[in-house]
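Novice: Let me give you the structure first, and then I'll get to my questions.
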Amino acid sequence: MAEIEVPGPDWQPAVPLPCYTGKNPAYQYSVWEHCAPLFQMIGSLVLPVQSMARRLYLQVQRSWDGLDELDVVLFRLEGFSFAISKHDGDLCGVSDIWLIQPHQRADEALDTLLQVVGVSMDAVAFHGDTHAAPAQSS
């Protein structure tokens, strides 16, 4: 059987949206970003994942999602299913808060998390979904 060679690239590396520009017909996203539409982002906190996990006696999972390493915890709290994640490459230094099962009570879910973790709204870097609309300042 004859060996078939794939030609080398004629463009820049594939990068994730919204940074995508150029002629590459592909854009890349991480495994976490692929799953994220199943989740509802409700905000970010200026707290490390580890401190929140320690407060709740949760184990932090260290993972890699295709583009970067990250810390993540997934848990259920007072009827809300949460994921808290932080990518190593996140320059903002915040932990993203997600609802695993999106619903209309996102504000109540965030309030519940803050209360149980024992912090005030001062820990909220922003509130809302940064992927759906501009971030709302708290």
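Chain labels follow the order of the structure tokens: the first chain is A, the next B, and so on; residue numbering restarts at 1 in every chain, and ligands are counted from 1 in their shown order.
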Could you pull the residues within 9 Å of Trp98 in chain A, counting only C-alpha atoms, minus those fewer than 2 positions along the same chain, as an MDAnalysis selection string?
Specialist: chainID A and resid 36 39:44 81:85 96 100:102
Novice: Considering only C-alpha atoms, return as a PyMOL selection string whatever protein or nucleic-acid residues lie within 10 Å of Ala53 in chain A, sequence-local ones (same chain, fewer than 5 positions apart) excluded.
Specialist: chain A and resi 48+58-60+72-75+84+117
Novice: Of the candidates A:Tyr57, A:Met1, A:Val124, A:Gln12, which one gets nearest to Val94 in chain A if we count only C-alpha atoms?
Specialist: A:Val124
Novice: Could you check how far CA of Asp107 in chain A sits from CA of His87 in chain A, in Å to one decimal?
Specialist: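 Spanning CA of Asp107 in chain A to CA of His87 in chain A is a straight-line distance of 23.7 Å.
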Novice: Given only C-alpha atoms as the basis, pick out the residue of A:Gln115, A:Ser120, A:Gln61, A:Gln104 nearest to Val49 in chain A.
Specialist: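 Selected residue with least distance to Val49 in chain A: A:Gln61.
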